[in-house]
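A.B. asks: Have a look at this one.
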Amino acid sequence: MRHRGRHRRRRRGRALRAGLAGTALALTAAATMISASQATDADDPGALKPLTASTETTPLRLTGYDVPGTALDRLADGMGRPVGVGAVLADPDGSLSDAEDCTEDDRRALPVEPAATQAYCWPGGDTDGWRPGAVTTSGDADEDGRWGPHRVILSGWSRSSGSAAEQGLARVAFVNAGDTGELRYTWALLTVPVDGGRDFRGLGSTVSGMVWYQNRLLVTTGRGEGGALYVYDLDRVQRATVEGTSVGRVPGGWSAAGARYVLPAVASYRTTGAGAPRPGGIALDRSTAPDSLVAYEATSEDEEGPTRLWRYAFGVGPQRAGLLEADPVAVYETELTHVRSVLSYRSGWYLGRMTGAPDERGTLWRQDTDGARPTRCGADETHRCWSGEATSLSYWQETGEVWSQSGRMLFALPLASVDRSLDD
């Protein structure tokens with residue numbers, strides 16, 4: 001029975017890859033219809049420019065703020081003993097669908113080139129009114145790619161409709177990725193303890209960047225939260241006890257806007273320098289020593305100036321493990337505008353760029369201090385091959401795959417395929 005099941009999964013995997021390849025071919029055919037003038041969405045941004053002056057680096061210095069342990073303990077006393085990732089995964093809310101079972105409209109969000117080798121879609125009923133954001137995985141959390149026995153993907157979402165109280169809420173789906181034929185997920189609301197741990201409020205921000213490192217989840221926030229980088233402890237997941245749309249303490253218990261689990265923030269980082277850029281997205285780089293966190297500057301859609309990129313090292317030793325060092329170890333400037341995702345590996349920075357309206361194709365560039373190259377597709381050398389809605393890149397070093405999310409599609413592709421598709 002086990003052998004027959006394995007063969008069926010292999011056949012299904014081949015069929016899925018063929019289906020995704022067919023979708024990519026269809027999208028490539030559409031991309032080749034773009035004229036050469038339309039295909040040129042940005043001039044060559046050239047090489048990254050290192051910024052070394054203290055006026056450029058000092059404003060990026062981080063100041064850390066811990067939520068008092070007494071507040072976290074008081075919250076746990078009120079809500080009950082915290083649970084871990086395994087307990088959350090064992091209590092799923094639903095399942096994702098394989099790409100072959102997703103709608104054509106959903107599959108249009110996938111990149112043209114390089115093509116996804118794994119793709120899944122979220123159910124509409126469970127994501128209506130929510131906007132997809134960042135992705136991170138247990139490949140970030142630990143070098144072996146697992147959290148305990150589990151392979152896990154974390155997918156961030158932000159509330160985009162509903163009442164004034166609901167808009168701006170953020171939640172994370174814990175996706176059990178141990179069986180690629182059946183991805184199940186469980187929602188947890190991102191929150192911030194208030195009133196000394198007697199209550200909590202929702203995190204009032206979009207989730208454009210997430211990194212899971214060791215037992216910490218780092219989340220970027222927008223202006224509503226002052227651009228803070230919030231920190232969550234994945235050993236401190238709390239259970240909600242009351243169903244409903246409210247957030248926090250309610251008559252009879254604790255409510256989390258429909259989610260059955262709650263993640264309370266344990267700390268935050270802020271840049272305190274005047275004129276410091278706000279991180280728009282983040283990613284983990286395990287190719288550095290020590291491991292590091294990279295970020296790109298959040299800019300408005302009408303801004304045409306250069307974009308800053310920077311890197312913080314993670315601390316080493318028992319006292320600093322999992323914590324960010326205060327000063328950036330590298331700061332760069334790129335002429336690329338409208339950057340919406342970042343990844344750094346070895347000497348290259350991979351930057352996803354939005355080229356127009358959200359439903360238009362984006363571009364994906366690899367840039368370093370020597371120059372820049374985009375991925376390309378189609379006979380007319382079109383560079384609009386990437387997904388315009390993808391706002392996150394996460395490299396799973398154990399498998400060599402990059403995970404991202406666009407619209408209702410969660411997808412992966414080999415980093416090697418990105419490098420092969422670069423325009424020479």
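How things are named: the first chain in the structure tokens is A, the next is B, and so on; residues count from 1 in each chain; ligands count from 1 in the order shown.
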Counting only C-alpha atoms, give me one row per residue of region 147-200 of chain A with an atom at most 6 Å from an atom of region 249-271 of chain A, showing the shortest contact pair and its distance in Å to one decimal, sorted by chain then residue number, as a Markdown table.

C.D. replies:
```
| residue | atom | partner | partner_atom | distance |
| --- | --- | --- | --- | --- |
| A:Trp187 | CA | A:Ala259 | CA | 5.5 |
| A:Ala188 | CA | A:Tyr261 | CA | 4.4 |
| A:Leu189 | CA | A:Val262 | CA | 4.8 |
| A:Leu190 | CA | A:Leu263 | CA | 5.0 |
| A:Thr191 | CA | A:Pro264 | CA | 4.8 |
| A:Val192 | CA | A:Ala265 | CA | 5.1 |
| A:Asp199 | CA | A:Arg249 | CA | 5.7 |
```

A.B. asks: So which residues touch Leu75 (chain A) within 7 Å, counting only C-alpha atoms, skipping near sequence neighbours fewer than 4 positions away, as a ChimeraX atom specification?

C.D. replies: /A:71,79,197-199

A.B. asks: Would you export the selected residues with C-alpha atoms as a compact mmCIF listing (two decimals), in the first residue's frame, please?

C.D. replies:
```txt
# COMPACT_ATOMS: atom_id res chain seq x y z
CA ALA A 71 2.95 41.41 31.41
CA MET A 79 -5.54 32.99 28.79
CA GLY A 197 -0.83 42.04 30.16
CA ARG A 198 -4.44 42.33 31.30
CA ASP A 199 -5.54 42.62 27.67
```

A.B. asks: With a cut-off of 12 Å, could you pull out the residues of region 298-349 of chain A touching region 228-235 of chain A and give me the nearest pair of atoms for each, distance in Å to one decimal, using only C-alpha atoms, ordered by chain and ascending number, as a Markdown table?

C.D. replies:
```
| residue | atom | partner | partner_atom | distance |
| --- | --- | --- | --- | --- |
| A:Gly322 | CA | A:Val231 | CA | 10.6 |
| A:Leu323 | CA | A:Val231 | CA | 9.7 |
| A:Leu324 | CA | A:Val231 | CA | 10.7 |
```

A.B. asks: With N, CA, C and O atoms retained, could you export that selection as a short mmCIF file (atom, residue, chain, number, x, y, z; two decimals), in the first residue's frame?

C.D. replies:
```
data_model
loop_
_atom_site.label_atom_id
_atom_site.label_comp_id
_atom_site.auth_asym_id
_atom_site.auth_seq_id
_atom_site.Cartn_x
_atom_site.Cartn_y
_atom_site.Cartn_z
N GLY A 322 19.65 34.86 18.47
CA GLY A 322 18.32 35.20 17.97
C GLY A 322 17.99 36.67 18.03
O GLY A 322 16.91 37.07 17.60
N LEU A 323 18.90 37.50 18.55
CA LEU A 323 18.66 38.94 18.65
C LEU A 323 19.46 39.68 17.59
O LEU A 323 20.56 39.25 17.19
N LEU A 324 18.93 40.79 17.12
CA LEU A 324 19.62 41.58 16.12
C LEU A 324 20.64 42.51 16.77
O LEU A 324 20.39 43.09 17.82
#
```

A.B. asks: When you count only C-alpha atoms, which of these residues is closest to Gly124 (chain A): A:Arg408, A:Arg216, A:Arg420, A:Arg384?

C.D. replies: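 Smallest distance to Gly124 (chain A) is found for A:Arg408.
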
A.B. asks: Would you list the contacts of region 148-157 of chain A as number ranges by chain, taking every protein, DNA or RNA residue within 9 Å and counting only C-alpha atoms, but skipping same-chain residues closer than 4 positions in sequence?

C.D. replies: A: 85-86, 89, 127, 130-139, 169-179, 206-210, 212, 403, 405, 410

A.B. asks: Please measure the separation of CA of Asp126 (chain A) and CA of Arg159 (chain A), giving the value in Å to one decimal.

C.D. replies: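 Going from CA of Asp126 (chain A) over to CA of Arg159 (chain A) covers 11.8 Å.
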
A.B. asks: Between CA of Ala416 (chain A) and CA of Pro306 (chain A), what is the spacing in Å?

C.D. replies: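 The value is 27.8 Å.
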
A.B. asks: Assign secondary structure with DSSP using the backbone only, and return the residues of region 76-129 of chain A in strand (DSSP E) as a PyMOL selection string.

C.D. replies: chain A and resi 94-95+97-98+118-121

A.B. asks: Mind dumping a table of every region 297-371 of chain A residue within 10 Å of region 393-398 of chain A, with the nearest atom pair and its distance in Å to one decimal, using only C-alpha atoms, sorted by chain and rising number, as a Markdown table?

C.D. replies:
```
| residue | atom | partner | partner_atom | distance |
| --- | --- | --- | --- | --- |
| A:Arg340 | CA | A:Leu393 | CA | 9.6 |
| A:Ser341 | CA | A:Leu393 | CA | 6.1 |
| A:Val342 | CA | A:Leu393 | CA | 6.1 |
| A:Leu343 | CA | A:Leu393 | CA | 5.9 |
| A:Ser344 | CA | A:Tyr395 | CA | 8.9 |
| A:Tyr345 | CA | A:Tyr395 | CA | 8.5 |
| A:Tyr350 | CA | A:Leu393 | CA | 8.6 |
| A:Leu351 | CA | A:Leu393 | CA | 8.8 |
| A:Gly352 | CA | A:Leu393 | CA | 8.4 |
```

A.B. asks: Those residues with C-alpha atoms, as a CSV table (one decimal), in the first residue's frame please?

C.D. replies:
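Produced file out39.csv, reproduced below:
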```csv
chain,number,residue,atom,x,y,z
A,340,ARG,CA,8.3,45.2,-3.3
A,341,SER,CA,10.4,42.2,-2.2
A,342,VAL,CA,14.0,41.4,-1.2
A,343,LEU,CA,16.2,38.4,-0.9
A,344,SER,CA,20.0,38.3,-0.4
A,345,TYR,CA,22.1,35.2,-1.0
A,350,TYR,CA,17.2,39.7,-5.6
A,351,LEU,CA,14.7,42.5,-5.8
A,352,GLY,CA,11.0,42.1,-6.9
```

A.B. asks: Near region 359-363 of chain A, counting only C-alpha atoms, which residues have an atom at most 6 Å away, once you skip same-chain residues fewer than 6 positions from it, shown as an MDAnalysis selection string?

C.D. replies: chainID A and resid 352:353 383:388

A.B. asks: Let me see the file: selected residues, N, CA and C atoms, as an mmCIF file, in the first residue's frame.

C.D. replies:
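Saved result, again15.cif, follows:
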```cif
data_model
loop_
_atom_site.group_PDB
_atom_site.id
_atom_site.type_symbol
_atom_site.label_atom_id
_atom_site.label_comp_id
_atom_site.auth_asym_id
_atom_site.auth_seq_id
_atom_site.Cartn_x
_atom_site.Cartn_y
_atom_site.Cartn_z
ATOM 1 N N GLY A 352 12.282 42.161 -6.176
ATOM 2 C CA GLY A 352 11.046 42.147 -6.950
ATOM 3 C C GLY A 352 10.517 43.563 -7.085
ATOM 4 N N ARG A 353 10.110 43.930 -8.297
ATOM 5 C CA ARG A 353 9.674 45.303 -8.563
ATOM 6 C C ARG A 353 8.278 45.304 -9.162
ATOM 7 N N HIS A 383 10.911 41.784 -19.919
ATOM 8 C CA HIS A 383 11.376 41.575 -18.555
ATOM 9 C C HIS A 383 10.225 41.470 -17.570
ATOM 10 N N ARG A 384 9.008 41.684 -18.029
ATOM 11 C CA ARG A 384 7.856 41.598 -17.136
ATOM 12 C C ARG A 384 7.430 40.136 -16.997
ATOM 13 N N CYS A 385 8.221 39.403 -16.246
ATOM 14 C CA CYS A 385 8.006 37.957 -16.100
ATOM 15 C C CYS A 385 7.549 37.577 -14.711
ATOM 16 N N TRP A 386 7.740 38.474 -13.754
ATOM 17 C CA TRP A 386 7.478 38.162 -12.357
ATOM 18 C C TRP A 386 6.041 38.515 -12.013
ATOM 19 N N SER A 387 5.622 38.105 -10.840
ATOM 20 C CA SER A 387 4.282 38.439 -10.368
ATOM 21 C C SER A 387 4.287 39.844 -9.777
ATOM 22 N N GLY A 388 3.396 40.688 -10.243
ATOM 23 C CA GLY A 388 3.358 42.055 -9.754
ATOM 24 C C GLY A 388 2.889 42.173 -8.323
#
```

A.B. asks: Of the candidates A:Lys49, A:Arg239, A:Arg61, A:Arg184, which shows the shortest atom-to-atom distance to Ala76 (chain A), using only C-alpha atoms?

C.D. replies: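 For Ala76 (chain A), the nearest of the candidates is A:Arg239.
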
A.B. asks: Mind checking which residues fall within 9 Å of Gly371 (chain A), counting only C-alpha atoms, ignoring those fewer than 5 positions away in the same chain, and posting them as an MDAnalysis selection string?

C.D. replies: chainID A and resid 44:48 366

A.B. asks: Just the selected residues (C-alpha atoms), exported as a PDB file, in the first residue's frame, please.

C.D. replies:
```
ATOM      1  CA  ASP A  44      19.190  49.428 -16.036  1.00  0.00           C
ATOM      2  CA  PRO A  45      19.667  50.319 -12.352  1.00  0.00           C
ATOM      3  CA  GLY A  46      23.361  49.451 -12.583  1.00  0.00           C
ATOM      4  CA  ALA A  47      25.430  48.404  -9.605  1.00  0.00           C
ATOM      5  CA  LEU A  48      24.561  48.738  -5.954  1.00  0.00           C
ATOM      6  CA  ARG A 366      19.577  40.261  -9.347  1.00  0.00           C
TER       7      ARG A 366
END
```

A.B. asks: Using only C-alpha atoms for the distances, tell me which of A:Gly280, A:Pro68, A:Pro328, A:Gly317 is nearest to Ser292 (chain A).

C.D. replies: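 For Ser292 (chain A), the nearest of the candidates is A:Pro328.
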
A.B. asks: Might you pull out every residue within 8 Å of Pro50 (chain A), with only C-alpha atoms counted and same-chain residues fewer than 2 positions away left off, and present them as number ranges by chain?

C.D. replies: A: 48, 52, 330-333, 369

A.B. asks: Can I get the selected residues back with N, CA, C and O atoms, as a CSV table (one decimal), in the first residue's frame?

C.D. replies:
```csv
chain,number,residue,atom,x,y,z
A,48,LEU,N,24.9,48.2,-7.3
A,48,LEU,CA,24.6,48.7,-6.0
A,48,LEU,C,25.6,49.7,-5.5
A,48,LEU,O,26.8,49.5,-5.7
A,52,THR,N,28.5,54.4,3.2
A,52,THR,CA,29.3,54.1,4.3
A,52,THR,C,29.4,55.3,5.3
A,52,THR,O,29.9,55.2,6.4
A,330,ALA,N,25.9,46.6,6.7
A,330,ALA,CA,26.0,47.1,5.3
A,330,ALA,C,24.8,47.9,4.9
A,330,ALA,O,23.7,47.5,5.3
A,331,VAL,N,25.0,48.9,4.1
A,331,VAL,CA,23.9,49.8,3.6
A,331,VAL,C,24.2,50.1,2.2
A,331,VAL,O,25.4,50.4,1.8
A,332,TYR,N,23.2,49.9,1.3
A,332,TYR,CA,23.4,50.2,-0.1
A,332,TYR,C,22.3,51.1,-0.7
A,332,TYR,O,21.2,51.2,0.0
A,333,GLU,N,22.5,51.6,-1.8
A,333,GLU,CA,21.5,52.3,-2.6
A,333,GLU,C,21.3,51.7,-3.9
A,333,GLU,O,22.3,51.5,-4.6
A,369,THR,N,27.3,44.7,-6.5
A,369,THR,CA,28.1,45.9,-6.6
A,369,THR,C,28.8,46.0,-8.0
A,369,THR,O,29.5,46.9,-8.3
```

A.B. asks: At what distance in Å, to one decimal, does CA of Ala141 (chain A) lie from CA of Asn215 (chain A)?

C.D. replies: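 One can read the CA of Asn215 (chain A) to CA of Ala141 (chain A) distance as 7.0 Å.
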
A.B. asks: Within region 10-255 of chain A, find each residue whose DSSP state, derived from the backbone, is alpha helix (DSSP H), and express the selection as a PyMOL selection string.

C.D. replies: chain A and resi 10-31+36-39+54-57+69-79+85-89+104-107+124-127+138-141

A.B. asks: Print the selection's residues with C-alpha atoms to a file, as a PDB file, in the first residue's frame.

C.D. replies:
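Once everything was written out, this is selection_26.pdb:
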```pdb
ATOM      1  CA  ARG A  10       4.867  10.906  -7.949  1.00  0.00           C
ATOM      2  CA  ARG A  11       2.462  10.735 -10.877  1.00  0.00           C
ATOM      3  CA  ARG A  12       0.398  13.533  -9.355  1.00  0.00           C
ATOM      4  CA  GLY A  13       3.558  15.588  -8.834  1.00  0.00           C
ATOM      5  CA  ARG A  14       4.535  15.121 -12.501  1.00  0.00           C
ATOM      6  CA  ALA A  15       1.033  16.128 -13.586  1.00  0.00           C
ATOM      7  CA  LEU A  16       1.132  19.217 -11.386  1.00  0.00           C
ATOM      8  CA  ARG A  17       4.512  20.292 -12.770  1.00  0.00           C
ATOM      9  CA  ALA A  18       3.231  19.750 -16.297  1.00  0.00           C
ATOM     10  CA  GLY A  19       0.140  21.808 -15.521  1.00  0.00           C
ATOM     11  CA  LEU A  20       2.215  24.632 -14.084  1.00  0.00           C
ATOM     12  CA  ALA A  21       4.512  24.489 -17.101  1.00  0.00           C
ATOM     13  CA  GLY A  22       1.464  24.757 -19.369  1.00  0.00           C
ATOM     14  CA  THR A  23       0.232  27.768 -17.426  1.00  0.00           C
ATOM     15  CA  ALA A  24       3.674  29.357 -17.684  1.00  0.00           C
ATOM     16  CA  LEU A  25       3.773  28.746 -21.440  1.00  0.00           C
ATOM     17  CA  ALA A  26       0.393  30.403 -21.850  1.00  0.00           C
ATOM     18  CA  LEU A  27       1.516  33.367 -19.788  1.00  0.00           C
ATOM     19  CA  THR A  28       4.769  33.535 -21.749  1.00  0.00           C
ATOM     20  CA  ALA A  29       2.804  33.667 -24.983  1.00  0.00           C
ATOM     21  CA  ALA A  30       0.847  36.591 -23.576  1.00  0.00           C
ATOM     22  CA  ALA A  31       4.059  38.263 -22.448  1.00  0.00           C
ATOM     23  CA  ALA A  36       9.452  46.439 -26.791  1.00  0.00           C
ATOM     24  CA  SER A  37       8.524  49.901 -25.512  1.00  0.00           C
ATOM     25  CA  GLN A  38       6.101  48.428 -23.000  1.00  0.00           C
ATOM     26  CA  ALA A  39       8.606  45.770 -21.940  1.00  0.00           C
ATOM     27  CA  SER A  54      27.863  57.886   9.321  1.00  0.00           C
ATOM     28  CA  THR A  55      25.036  60.162   8.177  1.00  0.00           C
ATOM     29  CA  GLU A  56      23.719  57.210   6.127  1.00  0.00           C
ATOM     30  CA  THR A  57      24.288  54.400   8.640  1.00  0.00           C
ATOM     31  CA  GLY A  69       7.970  39.498  31.438  1.00  0.00           C
ATOM     32  CA  THR A  70       5.391  40.239  34.116  1.00  0.00           C
ATOM     33  CA  ALA A  71       2.953  41.414  31.413  1.00  0.00           C
ATOM     34  CA  LEU A  72       3.468  38.251  29.354  1.00  0.00           C
ATOM     35  CA  ASP A  73       3.071  36.065  32.427  1.00  0.00           C
ATOM     36  CA  ARG A  74      -0.108  37.909  33.457  1.00  0.00           C
ATOM     37  CA  LEU A  75      -1.536  37.391  29.955  1.00  0.00           C
ATOM     38  CA  ALA A  76      -0.684  33.678  30.100  1.00  0.00           C
ATOM     39  CA  ASP A  77      -2.287  33.398  33.520  1.00  0.00           C
ATOM     40  CA  GLY A  78      -5.483  34.874  32.101  1.00  0.00           C
ATOM     41  CA  MET A  79      -5.545  32.989  28.792  1.00  0.00           C
ATOM     42  CA  VAL A  85       3.849  25.197  16.908  1.00  0.00           C
ATOM     43  CA  GLY A  86       3.089  21.473  16.961  1.00  0.00           C
ATOM     44  CA  ALA A  87      -0.189  22.011  18.829  1.00  0.00           C
ATOM     45  CA  VAL A  88      -1.240  24.693  16.336  1.00  0.00           C
ATOM     46  CA  LEU A  89      -0.473  22.462  13.335  1.00  0.00           C
ATOM     47  CA  GLU A 104      -7.551  30.468 -13.907  1.00  0.00           C
ATOM     48  CA  ASP A 105      -7.822  33.936 -12.377  1.00  0.00           C
ATOM     49  CA  ASP A 106      -5.859  32.775  -9.332  1.00  0.00           C
ATOM     50  CA  ARG A 107      -3.180  31.091 -11.457  1.00  0.00           C
ATOM     51  CA  GLY A 124     -11.754  32.300  -1.140  1.00  0.00           C
ATOM     52  CA  GLY A 125     -14.180  32.023   1.745  1.00  0.00           C
ATOM     53  CA  ASP A 126     -11.368  32.058   4.286  1.00  0.00           C
ATOM     54  CA  THR A 127      -9.370  34.911   2.729  1.00  0.00           C
ATOM     55  CA  SER A 138      10.996  26.600   8.971  1.00  0.00           C
ATOM     56  CA  GLY A 139      13.891  26.752   6.495  1.00  0.00           C
ATOM     57  CA  ASP A 140      14.546  30.184   7.992  1.00  0.00           C
ATOM     58  CA  ALA A 141      13.976  28.982  11.543  1.00  0.00           C
TER      59      ALA A 141
END
```

A.B. asks: Which one is closest to Ser287 (chain A): A:Gly315, A:Asp195, A:Glu143, A:Thr337? Count only C-alpha atoms.

C.D. replies: A:Glu143

A.B. asks: From the set A:Gly94, A:Gly181, A:Gln214, A:Arg346, which residue has the shortest atom-to-atom contact distance to Arg286 (chain A), counting only C-alpha atoms?

C.D. replies: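 Of the candidates, the smallest distance to Arg286 (chain A) is held by A:Arg346.
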
A.B. asks: So, counting only C-alpha atoms, which residue among A:Gly129, A:Pro374, A:Gly400, A:Pro123 is closest to Gln167 (chain A)?

C.D. replies: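 Among the listed residues, A:Gly129 lies closest to Gln167 (chain A).
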